[in-house]
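Working notes, structure below.
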Amino acid sequence: MLDINRIRLEKRKIEESLKKRGVDVSFDEILQKDDKRKKIQAESDDLRASRKKISSEIPILKKENKDVADLIFQMKTLGDKIDELQVSRKKLEEEIFLFLTALPNIPDDDVKAGDETNNEVISTYLTQTKYDFPPKNHVELSKNLDLVDYERGVKISGEGFWIYKNLGARLEWALINFFINSHLKNGWEFFLVPHILNYDCGFVTGQFPKFEDEQYTIGQNEIEPSSDSSMRDFKSKKFIIPTAETALVNVYKNEILDHDELPKKLFSYTPCYRKESGSSRIEERGMIRGHQFNKVEMVQYTSEEDSGFAFKEMLFNSESIMKDLKLHYQVSKLAACDCSFTMCRTYDIEVWLPSIKAYKEVSSVSNCRDFQARRGNMKYRDKKTGKIKFLNTLNASGLATSRLFPAILEQYQQKDGSVIVPEVLRPYMGINVIR
């Protein structure tokens with residue numbers, strides 16, 4: 001969530017920055033409401049001070065056997081006025097809150113304006129696969145090698161689902177274990193998180209309320225004010241996890257961490273459940289896009305000054321896994337409109353799928369700075385100044401399997417229809433070749 005105080009100080013700059021995301025907004029009206037809110041707050045404080053003063057006088061006058069009826073009436077009148085102002089203040093706070101929650105994050109200055117057509121490829125690894133035989137696509141290879149059952153996946157769950165089986169299940173599990181061990185070697189904390197989360201988790205990470213329809217939700221939504229007027233508790237409705245980020249980003253919600261505890265480096269393996277699904281288009285066949293897929297996710301909590309370094313570290317970690325798998329990929333710096341709602345910058349790692357002659361994202365490395373922390377009231381105490389500041393949060397897939405699996409089959413396929421197992425996965429698979 002954007003900081004209303006920063007908006008006040010950098011109004012025009014932020015308005016221009018949001019235009020890079022296609023958001024044309026004026027802050028004039030909302031700042032007027034904030035001015036009115038401040039004025040009401042100041043008036044309420046003055047009235048409370050007056051009421052407190054009168055309250056302290058009443059016992060003294062009673063001891064002197066003096067009439068205090070007028071003072072008691074003044075106390076009641078002040079109380080009624082304070083209550084009236086409180087209603088007006090809360091109404092303004094809610095309007096400001098709802099306005100701010102609908103706004104996406106501000107893209108970094110070096111992020112290009114526009115949609116995906118303005119994405120920039122900044123690096124590549126290895127080259128596109130060359131064959132001396134007619135190559136097969138991953139769906140053919142999966143069926144021929146009895147690795148995935150697409151038809152029965154649809155039968156038991158519907159479109160957008162599949163069943164890993166035999167060596168296909170072992171390959172999927174090998175990838176997950178390889179990812180986990182890679183992050184453990186790098187010193188990250190391993191979490192296994194719940195798959196059903198409360199509504200507030202979706203609010204903090206930015207899925208709710210704007211993208212509620214894209215999630216599998218459970219129960220009814222009720223919104224109740226919390227004691228902190230800058231936030232709201234979203235109760236009753238729960239949802240099935242779309243990515244482990246949604247859980248990991250909420251681990252330190254409503255907490256103040258010590259500076260020396262930072263950075264916090266967490267990762268988790270979960271299935272990911274999303275309503276979005278594939279189409280009949282050839283570039284989305286098989287498991288390229290589905291309702292359920294497996295992913296290992298990294299989330300890092302940092303101080304404000306270490307946020308940039310953390311982004312580079314997480315990109316390096318995800319790229320290292322791709323390099324260990326020896327897959328051809330590219331890294332794209334996303335334009336502002338292609339960055340997700342909460343992110344100010346994103347680099348996508350995109351693996352090459354020969355059968356469709358296209359690159360598909362297998363990891364998004366993103367920095368949202370203090371945007372999520374403001375929504376989740378997550379802070380740290382700066383050891384130099386002693387001031388309480390909002391944390392910075394970052395996330396990166398490390399990695400998602402549903403496109404790596406097809407890429408391995410297609411990039412490592414052999415003339416005889418077999419598939420070579422990437423060397424780093426052989427200790428997990430116990431075989432060198434899938435036949």
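Going through the structure tokens in order, the chains are called A, B, and so on, while each chain numbers its residues from 1 and the ligands are numbered from 1 in the order shown.
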Could you give me, as JSON lines, a per-residue list for segment 115-202 of chain A showing, wherever an atom lies at most 12 Å from an atom of segment 3-23 of chain A, the closest pair of atoms and their distance in Å to one decimal, using only C-alpha atoms and sorting by chain then residue number from low to high?
{"residue": "A:Asp115", "atom": "CA", "partner": "A:Arg21", "partner_atom": "CA", "distance": 7.9}
{"residue": "A:Glu116", "atom": "CA", "partner": "A:Arg21", "partner_atom": "CA", "distance": 11.1}
{"residue": "A:Asn118", "atom": "CA", "partner": "A:Lys20", "partner_atom": "CA", "distance": 11.2}
If you keep C-alpha atoms, can you produce a file of those selected residues as a PDB file, in the first residue's frame?
ATOM      1  CA  ASP A 115       3.041  -3.579 -21.402  1.00  0.00           C
ATOM      2  CA  GLU A 116       4.946  -6.790 -22.179  1.00  0.00           C
ATOM      3  CA  ASN A 118       8.377  -3.248 -23.769  1.00  0.00           C
TER       4      ASN A 118
END
Residues near Cys344 of chain A, cut-off 8 Å, only C-alpha atoms, skip fewer than 5 positions along chain, as a PyMOL selection string | chain A and resi 105-108+336+339+366-369
Spatial neighbours of segment 262-266 of chain A, max dist 8 Å, only C-alpha atoms, sep filter under 3 positions, as a list in words |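 The filter keeps Trp188, Glu189, Phe190, Phe191, Leu248, Leu257, Asp258, His259, Met298, Val299, Gln300, Tyr301, Thr302 and Ser303 of chain A.
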From the DSSP assignment of the backbone, select every residue of segment 159-278 of chain A that is helix (DSSP H, G or I), and format the answer as a PyMOL selection string.
-> chain A and resi 167-185+199-205+212-214+245-248+259-261
Between A:Phe341, A:Asp370, A:Ser307, A:Ser397, single out the one closest to Ser268 of chain A, counting only C-alpha atoms.
->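 Nearest to Ser268 of chain A: A:Ser397.
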Quick one: everything within 9 Å of segment 173-186 of chain A, counting only C-alpha atoms, minus sequence neighbours fewer than 4 positions away in the same chain. Send it as number ranges by chain.
-> A: 168-169, 190, 267-269, 294-296, 298, 317, 321, 398-401, 404-405, 424-429
With N, CA and C atoms retained, write the just-selected residues as a short mmCIF file (atom, residue, chain, number, x, y, z; two decimals), in the first residue's frame.
data_model
loop_
_atom_site.label_atom_id
_atom_site.label_comp_id
_atom_site.auth_asym_id
_atom_site.auth_seq_id
_atom_site.Cartn_x
_atom_site.Cartn_y
_atom_site.Cartn_z
N GLY A 168 7.75 -40.16 -14.38
CA GLY A 168 7.32 -38.76 -14.42
C GLY A 168 7.15 -38.21 -13.02
N ALA A 169 6.53 -38.97 -12.12
CA ALA A 169 6.38 -38.56 -10.73
C ALA A 169 7.74 -38.44 -10.06
N PHE A 190 13.84 -23.35 5.83
CA PHE A 190 12.83 -24.15 5.13
C PHE A 190 11.54 -24.16 5.95
N PHE A 267 12.06 -20.06 2.62
CA PHE A 267 11.55 -20.69 1.40
C PHE A 267 10.62 -21.82 1.78
N SER A 268 9.74 -22.16 0.84
CA SER A 268 8.75 -23.20 1.10
C SER A 268 8.40 -23.92 -0.19
N TYR A 269 8.09 -25.21 -0.05
CA TYR A 269 7.50 -25.95 -1.17
C TYR A 269 6.00 -26.07 -0.93
N ASN A 294 3.39 -27.38 -8.94
CA ASN A 294 4.30 -27.38 -7.80
C ASN A 294 5.34 -26.27 -7.93
N LYS A 295 5.69 -25.69 -6.79
CA LYS A 295 6.66 -24.59 -6.82
C LYS A 295 7.37 -24.48 -5.48
N VAL A 296 8.64 -24.16 -5.56
CA VAL A 296 9.40 -23.76 -4.38
C VAL A 296 9.58 -22.25 -4.46
N MET A 298 10.86 -18.51 -2.69
CA MET A 298 11.71 -17.78 -1.75
C MET A 298 11.07 -16.44 -1.40
N ASN A 317 20.34 -16.85 -7.19
CA ASN A 317 19.97 -18.18 -6.71
C ASN A 317 19.10 -18.92 -7.72
N ILE A 321 20.15 -22.39 -10.26
CA ILE A 321 19.43 -23.65 -10.43
C ILE A 321 19.24 -23.96 -11.90
N GLY A 398 11.72 -20.44 -6.92
CA GLY A 398 13.02 -21.09 -6.93
C GLY A 398 12.96 -22.61 -6.97
N LEU A 399 12.25 -23.24 -7.88
CA LEU A 399 11.55 -22.71 -9.06
C LEU A 399 10.17 -23.35 -9.17
N ALA A 400 9.40 -22.99 -10.21
CA ALA A 400 8.16 -23.69 -10.54
C ALA A 400 8.47 -24.82 -11.51
N THR A 401 7.80 -25.96 -11.34
CA THR A 401 8.17 -27.16 -12.11
C THR A 401 7.36 -27.37 -13.39
N LEU A 404 9.31 -26.36 -16.31
CA LEU A 404 10.64 -26.98 -16.35
C LEU A 404 10.54 -28.44 -16.80
N PHE A 405 9.53 -29.13 -16.32
CA PHE A 405 9.32 -30.53 -16.70
C PHE A 405 9.23 -30.66 -18.22
N VAL A 424 22.43 -33.15 -12.50
CA VAL A 424 22.19 -32.82 -11.09
C VAL A 424 20.98 -33.56 -10.52
N LEU A 425 20.12 -34.11 -11.40
CA LEU A 425 18.94 -34.83 -10.92
C LEU A 425 19.17 -36.33 -10.81
N ARG A 426 20.28 -36.81 -11.33
CA ARG A 426 20.51 -38.26 -11.34
C ARG A 426 20.61 -38.87 -9.95
N PRO A 427 21.23 -38.19 -8.96
CA PRO A 427 21.25 -38.78 -7.62
C PRO A 427 19.84 -38.97 -7.04
N TYR A 428 18.87 -38.13 -7.45
CA TYR A 428 17.50 -38.22 -6.96
C TYR A 428 16.70 -39.26 -7.75
N MET A 429 17.03 -39.39 -9.03
CA MET A 429 16.29 -40.32 -9.91
C MET A 429 16.83 -41.73 -9.85
#
Excluding Ala42 of chain A and residues on its chain fewer than 5 positions from it, collect all residues at most 12 Å away from it, counting only C-alpha atoms, and give them as a ChimeraX atom specification.
-> /A:35-37,47-49,82,85-86,89
Written selection (C-alpha atoms) as a PDB file, in the first residue's frame:
ATOM      1  CA  ASP A  35      -6.333  17.273   5.423  1.00  0.00           C
ATOM      2  CA  LYS A  36      -9.918  17.150   6.688  1.00  0.00           C
ATOM      3  CA  ARG A  37      -9.129  13.978   8.669  1.00  0.00           C
ATOM      4  CA  LEU A  47     -11.998  18.601  22.950  1.00  0.00           C
ATOM      5  CA  ARG A  48     -10.569  15.620  24.834  1.00  0.00           C
ATOM      6  CA  ALA A  49      -8.096  17.924  26.557  1.00  0.00           C
ATOM      7  CA  ILE A  82     -16.160  13.907  20.215  1.00  0.00           C
ATOM      8  CA  LEU A  85     -16.191  13.756  15.115  1.00  0.00           C
ATOM      9  CA  GLN A  86     -15.049  10.154  15.604  1.00  0.00           C
ATOM     10  CA  ARG A  89     -12.967  10.654  11.058  1.00  0.00           C
TER      11      ARG A  89
END
If you run DSSP over the backbone, which residues in segment 104-348 of chain A end up strand (DSSP E)? Put them as JSON, numbers by chain.
-> {"A": [120, 121, 122, 123, 124, 125, 148, 149, 163, 164, 189, 190, 191, 196, 197, 198, 217, 218, 222, 223, 224, 225, 232, 233, 234, 235, 238, 239, 240, 256, 257, 258, 264, 265, 266, 267, 268, 269, 270, 271, 272, 273, 292, 293, 294, 295, 296, 297, 298, 299, 300, 301, 302, 329, 330, 331, 332, 333, 345, 346, 347, 348]}
Could the residues of segment 85-106 of chain A that have an atom at most 10 Å from segment 200-210 of chain A be listed as a Markdown table, each with its closest atom pair and the distance in Å to one decimal, counting only C-alpha atoms and ordered by chain and ascending residue number?
| residue | atom | partner | partner_atom | distance |
| --- | --- | --- | --- | --- |
| A:Leu98 | CA | A:Pro209 | CA | 9.7 |
| A:Thr101 | CA | A:Pro209 | CA | 8.1 |
| A:Ala102 | CA | A:Lys210 | CA | 6.9 |
| A:Leu103 | CA | A:Lys210 | CA | 9.5 |
| A:Pro104 | CA | A:Gly206 | CA | 8.7 |
| A:Asn105 | CA | A:Gly206 | CA | 9.8 |
Just C-alpha atoms for this one: save the residues we selected as a compact mmCIF listing (two decimals), in the first residue's frame.
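Output saved as again_29.txt:
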# COMPACT_ATOMS: atom_id res chain seq x y z
CA LEU A 98 -10.04 1.92 0.19
CA THR A 101 -5.63 -0.29 -1.41
CA ALA A 102 -6.85 -0.05 -5.01
CA LEU A 103 -3.57 1.49 -6.20
CA PRO A 104 -0.68 -0.69 -7.42
CA ASN A 105 2.92 -0.23 -6.38
Closest of A:Glu93, A:Asp28, A:Asp149, A:Glu361 to Gln41 of chain A - atom-to-atom distances counting only C-alpha atoms =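 Distance minimum relative to Gln41 of chain A lands on A:Glu93.
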With a distance cut-off of 8 Å and only C-alpha atoms, select the neighbouring residues of Lys253 of chain A, excluding the residue or stretch itself and same-chain residues fewer than 4 positions from it, and output the selection as a list of chain:residue names.
->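 These residues fall inside the cut-off: A:Val249, A:Ala373, A:Gly376, A:Asn377, A:Met378.
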Spatial neighbours of Asp146 of chain A, max dist 10 Å, only C-alpha atoms, sep filter under 4 positions, as a list in words = Glu140, Leu141, Ser142, Tyr164, Lys165, Asn166, Leu167, Gly168 and Arg435 of chain A
Using N, CA and C atoms, can you export the residues from the last selection as a PDB file, in the first residue's frame?
ATOM      1  N   GLU A 140       3.766 -35.471 -26.338  1.00  0.00           N
ATOM      2  CA  GLU A 140       4.075 -36.761 -26.985  1.00  0.00           C
ATOM      3  C   GLU A 140       5.081 -37.547 -26.161  1.00  0.00           C
ATOM      4  N   LEU A 141       6.127 -36.871 -25.716  1.00  0.00           N
ATOM      5  CA  LEU A 141       7.159 -37.552 -24.928  1.00  0.00           C
ATOM      6  C   LEU A 141       6.586 -38.086 -23.623  1.00  0.00           C
ATOM      7  N   SER A 142       5.751 -37.288 -22.951  1.00  0.00           N
ATOM      8  CA  SER A 142       5.149 -37.722 -21.686  1.00  0.00           C
ATOM      9  C   SER A 142       4.291 -38.967 -21.884  1.00  0.00           C
ATOM     10  N   TYR A 164       0.987 -36.977 -12.600  1.00  0.00           N
ATOM     11  CA  TYR A 164       2.348 -37.485 -12.801  1.00  0.00           C
ATOM     12  C   TYR A 164       2.359 -38.953 -12.406  1.00  0.00           C
ATOM     13  N   LYS A 165       3.079 -39.787 -13.149  1.00  0.00           N
ATOM     14  CA  LYS A 165       3.122 -41.203 -12.819  1.00  0.00           C
ATOM     15  C   LYS A 165       4.489 -41.782 -13.136  1.00  0.00           C
ATOM     16  N   ASN A 166       4.813 -42.876 -12.434  1.00  0.00           N
ATOM     17  CA  ASN A 166       6.045 -43.625 -12.706  1.00  0.00           C
ATOM     18  C   ASN A 166       7.268 -42.707 -12.702  1.00  0.00           C
ATOM     19  N   LEU A 167       8.082 -42.774 -13.749  1.00  0.00           N
ATOM     20  CA  LEU A 167       9.288 -41.945 -13.787  1.00  0.00           C
ATOM     21  C   LEU A 167       8.959 -40.458 -13.910  1.00  0.00           C
ATOM     22  N   GLY A 168       7.751 -40.156 -14.383  1.00  0.00           N
ATOM     23  CA  GLY A 168       7.324 -38.761 -14.423  1.00  0.00           C
ATOM     24  C   GLY A 168       7.151 -38.205 -13.016  1.00  0.00           C
ATOM     25  N   ARG A 435      13.549 -44.029 -20.419  1.00  0.00           N
ATOM     26  CA  ARG A 435      13.211 -44.780 -21.660  1.00  0.00           C
ATOM     27  C   ARG A 435      11.775 -45.261 -21.608  1.00  0.00           C
TER      28      ARG A 435
END
